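**Student:** My file is query-v4.txt. It has compact mmCIF, C-alpha atoms:
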# COMPACT_ATOMS: atom_id res chain seq x y z
CA MET A 1 65.24 93.11 98.42
CA ALA A 2 66.33 96.28 96.64
CA GLU A 3 69.92 95.90 97.87
CA LYS A 4 69.99 92.24 96.81
CA THR A 5 68.83 93.23 93.32
CA ARG A 6 71.43 95.98 93.16
CA GLN A 7 74.24 93.62 94.17
CA LEU A 8 73.02 90.99 91.71
CA ILE A 9 73.22 93.51 88.88
CA VAL A 10 76.75 94.54 89.92
CA GLU A 11 77.99 90.95 90.16
CA THR A 12 76.41 90.04 86.82
CA ALA A 13 77.95 93.08 85.15
CA LEU A 14 81.44 92.30 86.49
CA ARG A 15 81.19 88.72 85.24
CA LEU A 16 80.08 89.85 81.78
CA PHE A 17 82.71 92.58 81.62
CA LYS A 18 85.34 89.92 82.35
CA GLU A 19 83.91 87.44 79.85
CA ARG A 20 82.99 89.76 76.98
CA GLY A 21 84.84 92.99 77.64
CA PHE A 22 83.50 96.36 78.76
CA GLU A 23 82.63 97.67 75.30
CA ALA A 24 80.83 94.53 74.11
CA THR A 25 78.64 94.24 77.20
CA THR A 26 75.36 96.15 77.01
CA MET A 27 72.96 97.11 79.78
CA ARG A 28 70.37 94.94 78.04
CA ALA A 29 72.68 91.93 78.26
CA ILE A 30 73.38 92.62 81.93
CA ALA A 31 69.66 92.85 82.69
CA ALA A 32 68.93 89.61 80.83
CA GLU A 33 71.68 87.69 82.62
CA ALA A 34 70.59 89.08 86.00
CA GLY A 35 66.96 88.16 85.32
CA VAL A 36 65.63 91.71 85.69
CA SER A 37 63.99 94.06 83.22
CA VAL A 38 66.07 96.61 81.35
CA GLY A 39 64.08 99.36 83.06
CA ASN A 40 64.87 97.86 86.45
CA ALA A 41 68.57 97.72 85.63
CA TYR A 42 68.52 101.39 84.60
CA TYR A 43 66.60 102.23 87.78
CA TYR A 44 69.62 101.17 89.83
CA PHE A 45 72.38 102.18 87.40
CA SER A 46 72.01 104.78 84.67
CA SER A 47 75.07 103.50 82.76
CA LYS A 48 77.81 100.88 82.65
CA GLU A 49 80.15 103.49 84.09
CA GLN A 50 78.01 103.67 87.22
CA LEU A 51 78.36 99.92 87.58
CA ILE A 52 82.13 100.30 87.57
CA GLN A 53 81.88 103.02 90.20
CA ALA A 54 79.84 100.56 92.30
CA TYR A 55 82.68 98.06 91.88
CA TYR A 56 85.19 100.70 93.02
CA GLU A 57 83.10 101.37 96.13
CA ARG A 58 82.74 97.69 96.95
CA ALA A 59 86.43 97.02 96.44
CA GLN A 60 87.36 99.98 98.65
CA ALA A 61 85.04 98.78 101.43
CA ALA A 62 86.57 95.29 101.25
CA HIS A 63 90.07 96.76 101.43
CA GLU A 64 89.23 98.89 104.47
CA GLU A 65 87.74 95.91 106.28
CA ALA A 66 90.78 93.77 105.49
CA CYS A 67 93.10 96.42 106.97
CA CYS A 68 91.34 96.78 110.33
CA GLU A 69 93.57 94.37 112.26
CA ILE A 70 96.80 95.75 110.78
CA LEU A 71 95.88 99.33 111.64
CA ALA A 72 94.77 98.31 115.14
CA THR A 73 97.97 96.46 116.04
CA GLU A 74 100.89 97.71 113.95
CA ARG A 75 102.50 101.01 114.96
CA SER A 76 105.44 101.48 112.60
CA LEU A 77 104.82 103.42 109.40
CA ALA A 78 106.55 100.75 107.33
CA GLY A 79 104.53 97.92 108.86
CA ARG A 80 101.24 99.77 108.46
CA LEU A 81 101.92 100.82 104.86
CA LYS A 82 103.23 97.41 103.80
CA GLY A 83 100.26 95.68 105.38
CA VAL A 84 97.71 97.97 103.71
CA LEU A 85 99.30 97.65 100.26
CA ARG A 86 99.66 93.88 100.52
CA GLU A 87 96.04 93.55 101.64
CA TRP A 88 94.94 95.49 98.58
CA VAL A 89 96.64 92.95 96.33
CA ARG A 90 95.12 90.07 98.28
CA VAL A 91 91.51 91.30 98.20
CA SER A 92 91.83 92.37 94.54
CA GLU A 93 93.13 88.98 93.35
CA PRO A 94 89.71 87.69 92.19
CA TYR A 95 89.44 90.72 89.86
CA HIS A 96 92.92 90.49 88.34
CA GLU A 97 91.74 89.09 85.00
CA PHE A 98 89.00 91.72 84.85
CA ALA A 99 91.46 94.50 85.66
CA VAL A 100 93.77 93.51 82.82
CA LYS A 101 90.93 93.91 80.30
CA PHE A 102 89.44 96.99 81.89
CA PHE A 103 92.54 99.03 82.72
CA LYS A 104 92.80 100.74 79.32
CA HIS A 105 89.57 102.60 80.14
CA ALA A 106 90.63 103.64 83.64
CA ALA A 107 94.01 104.79 82.33
CA GLU A 108 92.48 107.42 80.02
CA PRO A 109 92.78 110.81 81.80
CA THR A 110 89.42 112.10 80.52
CA ASN A 111 87.51 108.87 81.17
CA PRO A 112 85.01 109.08 84.07
CA LEU A 113 86.31 105.68 85.17
CA SER A 114 89.76 107.08 85.85
CA PRO A 115 90.62 107.04 89.58
CA PHE A 116 91.46 110.73 89.16
CA SER A 117 88.08 111.72 87.67
CA ALA A 118 85.37 113.77 89.37
CA GLU A 119 83.08 110.72 89.25
CA SER A 120 85.62 108.71 91.24
CA THR A 121 85.97 111.37 93.95
CA PRO A 122 84.10 109.51 96.74
CA THR A 123 86.15 106.34 96.34
CA ARG A 124 89.39 108.30 95.92
CA GLU A 125 88.74 110.29 99.10
CA SER A 126 87.95 107.09 101.00
CA ALA A 127 91.21 105.56 99.81
CA ILE A 128 93.21 108.65 100.83
CA GLY A 129 91.42 108.48 104.18
CA LEU A 130 92.74 104.95 104.65
CA TYR A 131 96.29 106.15 104.07
CA ARG A 132 95.61 109.00 106.47
CA GLN A 133 94.95 106.31 109.09
CA VAL A 134 98.26 104.70 108.14
CA VAL A 135 100.10 107.96 108.85
CA GLU A 136 98.17 109.16 111.89
CA GLY A 137 98.45 105.83 113.70
CA SER A 138 102.20 105.62 113.17
CA ARG A 139 104.59 106.22 116.05
CA ASP A 140 107.38 107.31 113.67
CA ARG A 141 108.73 110.84 113.70
CA ILE A 142 107.67 112.65 110.53
CA ASP A 143 108.20 116.25 109.49
CA PRO A 144 104.86 118.04 110.21
CA GLY A 145 104.58 119.51 106.73
CA LEU A 146 105.25 116.15 105.11
CA ARG A 147 102.84 114.41 107.48
CA ALA A 148 100.00 116.56 106.16
CA GLU A 149 100.80 115.66 102.54
CA LEU A 150 101.76 112.03 103.08
CA PRO A 151 98.30 110.39 102.88
CA GLU A 152 97.72 111.62 99.32
CA LEU A 153 101.31 110.83 98.33
CA LEU A 154 100.91 107.28 99.64
CA TRP A 155 97.67 106.93 97.68
CA LEU A 156 99.56 108.00 94.55
CA LEU A 157 102.15 105.35 95.39
CA SER A 158 99.34 102.81 95.61
CA MET A 159 98.23 103.81 92.10
CA GLY A 160 101.71 102.89 90.88
CA VAL A 161 101.37 99.53 92.60
CA VAL A 162 98.00 99.03 90.87
CA LEU A 163 99.58 99.72 87.47
CA PHE A 164 102.35 97.20 88.14
CA TRP A 165 99.84 94.63 89.44
CA VAL A 166 97.68 94.90 86.32
CA HIS A 167 100.63 93.80 84.20
CA ASP A 168 102.01 91.25 86.69
CA THR A 169 101.77 87.70 85.34
CA SER A 170 103.95 86.09 88.01
CA PRO A 171 102.44 83.25 90.11
CA GLY A 172 100.33 84.73 92.89
CA CYS A 173 101.47 88.21 91.81
CA GLU A 174 104.67 87.57 93.74
CA ARG A 175 106.49 90.32 91.82
CA THR A 176 103.94 92.87 93.04
CA TYR A 177 104.46 91.75 96.63
CA ARG A 178 108.24 92.11 96.20
CA LEU A 179 107.75 95.58 94.72
CA ILE A 180 105.65 96.58 97.73
CA ASP A 181 108.23 95.30 100.23
CA ARG A 182 111.14 97.07 98.57
CA THR A 183 109.27 100.30 97.88
CA VAL A 184 107.93 100.56 101.42
CA SER A 185 111.45 100.10 102.80
CA LEU A 186 112.64 103.00 100.65
CA VAL A 187 109.68 105.21 101.59
CA ASP A 188 110.27 104.46 105.27
CA ARG A 189 113.90 105.53 105.05
CA LEU A 190 113.05 108.74 103.17
CA VAL A 191 110.29 109.67 105.61
CA GLY A 192 112.63 108.97 108.51
CA LEU A 193 115.15 111.43 107.08
CA SER A 194 112.48 114.14 106.77
CA SER A 195 112.73 115.13 110.43
CA LEU A 196 116.51 115.72 110.32
CA PRO A 197 117.50 119.42 110.42
CA GLY A 198 119.66 119.23 107.29
CA VAL A 199 116.88 117.67 105.24
CA ARG A 200 113.96 119.92 106.23
CA GLY A 201 114.76 122.47 103.53
CA VAL A 202 114.58 119.76 100.87
CA VAL A 203 111.29 118.52 102.34
CA LYS A 204 109.88 122.06 102.23
CA ASP A 205 110.89 122.42 98.56
CA PHE A 206 109.32 119.05 97.77
CA ILE A 207 106.02 120.04 99.42
CA GLU A 208 105.98 123.29 97.43
CA VAL A 209 106.34 121.26 94.24
CA VAL A 210 103.41 119.08 95.31
CA HIS A 211 101.28 122.16 95.90
CA GLU A 212 102.30 123.56 92.51
CA LEU A 213 101.26 120.35 90.75
CA ARG A 214 97.79 120.58 92.35
CA THR A 215 97.06 124.05 90.98
As structure tokens, how would this structure be written, given the file I've shared?
**Tutor:**
Amino acid sequence: MAEKTRQLIVETALRLFKERGFEATTMRAIAAEAGVSVGNAYYYFSSKEQLIQAYYERAQAAHEEACCEILATERSLAGRLKGVLREWVRVSEPYHEFAVKFFKHAAEPTNPLSPFSAESTPTRESAIGLYRQVVEGSRDRIDPGLRAELPELLWLLSMGVVLFWVHDTSPGCERTYRLIDRTVSLVDRLVGLSSLPGVRGVVKDFIEVVHELRT
């Protein structure tokens, strides 16, 4: 019963956020629409931001489930990465209109709703873990140093795809799918070059830059 109430509040909040906007939607309005008391709504979620974090968690779980077959059967890095990115677009399609209205909040670096914020750490780590599966299950030869960094780099790539998708007004987000296909092809070629002796020095320099950006 408690979980059903929690999910009802989340679904009601997402609908109202889409209809009225994040700022205009109050916790009181969410509680009224969900048919629960304001106190009950606050019992499950202390703020609207926590409701968005619940959406992040639910969306991540749906994405992971949708990728199970791809990760179990595909062995090339390109095939695994393309499949995971395309599945993200597919499972996120029902929230496209919501994302367009909401993205300005998530794009603010200091906003707790940013995917880079401390509050988003659990979902971010789960997402990076999914890309770690993409890399570890690949049969492709990858420079060992790059292999260790690749899951987070691929997650950052996915954030670029998200940004493009938010602004994509093409039918069925076909432009986003084309971007994924072309970008993955490029990434695959670059990763393939990473194991060549003449390129390893460049790869090492690149990894050092990544480490520098983290500090």
**Student:** At a cut-off of 9 Å around the point (101.9, 94.3, 95.1) (file coordinates), what residues fall inside when counting all atoms listed in the file? I'd like the answer as a ChimeraX atom specification.
**Tutor:** /A:85-90,158,161-162,164-165,168,173-181
**Student:** Can you work out which one of A:Phe17, A:Tyr43, A:Phe22, A:Tyr131 has the shortest atom-to-atom distance to Leu81 (chain A), counting all atoms listed in the file?
**Tutor:**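 Checking each of A:Phe17, A:Tyr43, A:Phe22, A:Tyr131 against Leu81 (chain A), counting all atoms listed in the file, the winner is A:Tyr131.
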**Student:** Could you tell me which of A:Glu49, A:Arg28, A:Gly192, A:Lys82 comes closest to Ser114 (chain A) if we count only C-alpha atoms?
**Tutor:** A:Glu49
**Student:** Here is a test: counting all atoms listed in the file, which residue of A:His96, A:Arg182, A:Lys48, A:Lys4 is nearest to Leu16 (chain A)?
**Tutor:**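 Answer, going by the shortest atom-to-atom distance: A:Lys48.
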**Student:** Please provide the set of residues having any atom within 12 Å of Thr5 (chain A), restricted to only C-alpha atoms, with same-chain residues fewer than 6 positions apart removed, written as a list in words.
**Tutor:**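 Answer for this query is Glu11, Thr12, Ala31, Ala34, Gly35, Val36, Ser37, Asn40, Ala41, Tyr42, Tyr43, Tyr44 and Phe45 of chain A.
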**Student:** Suppose you want the space between CA of Ala54 (chain A) and CA of Val38 (chain A); what is it in Å?
**Tutor:**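 Atom-to-atom, CA of Ala54 (chain A) to CA of Val38 (chain A), that is 18.0 Å.
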**Student:** Which residues come within 8 Å of region 59-69 of chain A, counting only C-alpha atoms, excluding same-chain residues fewer than 6 positions away, as number ranges by chain?
**Tutor:** A: 83-84, 87-88, 91-92, 123, 126-127, 130
**Student:** Output C-alpha atoms for every residue in the selection just made, as an mmCIF file, in the coordinates of the input.
**Tutor:**
data_model
loop_
_atom_site.group_PDB
_atom_site.id
_atom_site.type_symbol
_atom_site.label_atom_id
_atom_site.label_comp_id
_atom_site.auth_asym_id
_atom_site.auth_seq_id
_atom_site.Cartn_x
_atom_site.Cartn_y
_atom_site.Cartn_z
ATOM 1 C CA GLY A 83 100.260 95.680 105.380
ATOM 2 C CA VAL A 84 97.710 97.970 103.710
ATOM 3 C CA GLU A 87 96.040 93.550 101.640
ATOM 4 C CA TRP A 88 94.940 95.490 98.580
ATOM 5 C CA VAL A 91 91.510 91.300 98.200
ATOM 6 C CA SER A 92 91.830 92.370 94.540
ATOM 7 C CA THR A 123 86.150 106.340 96.340
ATOM 8 C CA SER A 126 87.950 107.090 101.000
ATOM 9 C CA ALA A 127 91.210 105.560 99.810
ATOM 10 C CA LEU A 130 92.740 104.950 104.650
#
**Student:** Between CA of Leu190 (chain A) and CA of Leu146 (chain A), measure the distance and give it in Å to one decimal.
**Tutor:**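 Computing the Euclidean distance for CA of Leu190 (chain A) and CA of Leu146 (chain A) yields 10.9 Å.
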**Student:** Do a neighbour search on Thr121 (chain A) at 12 Å with all atoms listed in the file, toss out local chain neighbours closer than 5 positions, and write the hits as a PDB file with C-alpha atoms, in the coordinates of the input.
**Tutor:**
ATOM      1  CA  GLN A  53      81.880 103.020  90.200  1.00  0.00           C
ATOM      2  CA  TYR A  56      85.190 100.700  93.020  1.00  0.00           C
ATOM      3  CA  GLU A  57      83.100 101.370  96.130  1.00  0.00           C
ATOM      4  CA  PRO A 112      85.010 109.080  84.070  1.00  0.00           C
ATOM      5  CA  LEU A 113      86.310 105.680  85.170  1.00  0.00           C
ATOM      6  CA  SER A 114      89.760 107.080  85.850  1.00  0.00           C
ATOM      7  CA  PRO A 115      90.620 107.040  89.580  1.00  0.00           C
ATOM      8  CA  PHE A 116      91.460 110.730  89.160  1.00  0.00           C
ATOM      9  CA  SER A 126      87.950 107.090 101.000  1.00  0.00           C
ATOM     10  CA  ALA A 127      91.210 105.560  99.810  1.00  0.00           C
ATOM     11  CA  ILE A 128      93.210 108.650 100.830  1.00  0.00           C
ATOM     12  CA  GLY A 129      91.420 108.480 104.180  1.00  0.00           C
TER      13      GLY A 129
END
**Student:** Could you please determine the separation between CA of Val100 (chain A) and CA of Val187 (chain A) in Å, to one decimal place?
**Tutor:**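 So the answer is 27.2 Å.
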**Student:** Work out where the centre of an axis-aligned box around every listed atom of region 73-82 of chain A lies and how long its edges are once 6 Å is added on each side; give both in Å to one decimal as JSON.
**Tutor:**
{"center_x": 102.3, "center_y": 99.9, "center_z": 109.9, "size_x": 20.6, "size_y": 19.0, "size_z": 24.2}
**Student:** Which one of A:Ala72, A:Ala106, A:Gly21, A:Ala13 sits closest to Glu119 (chain A) if you count all atoms listed in the file?
**Tutor:** A:Ala106
**Student:** For each of A:Arg141, A:Arg15, A:Arg6, A:Arg189, take the minimum atom-to-atom distance to Glu97 (chain A), counting only C-alpha atoms, then give the residue where this is smallest.
**Tutor:**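 Comparing A:Arg141, A:Arg15, A:Arg6, A:Arg189 against Glu97 (chain A), the winner is A:Arg15.
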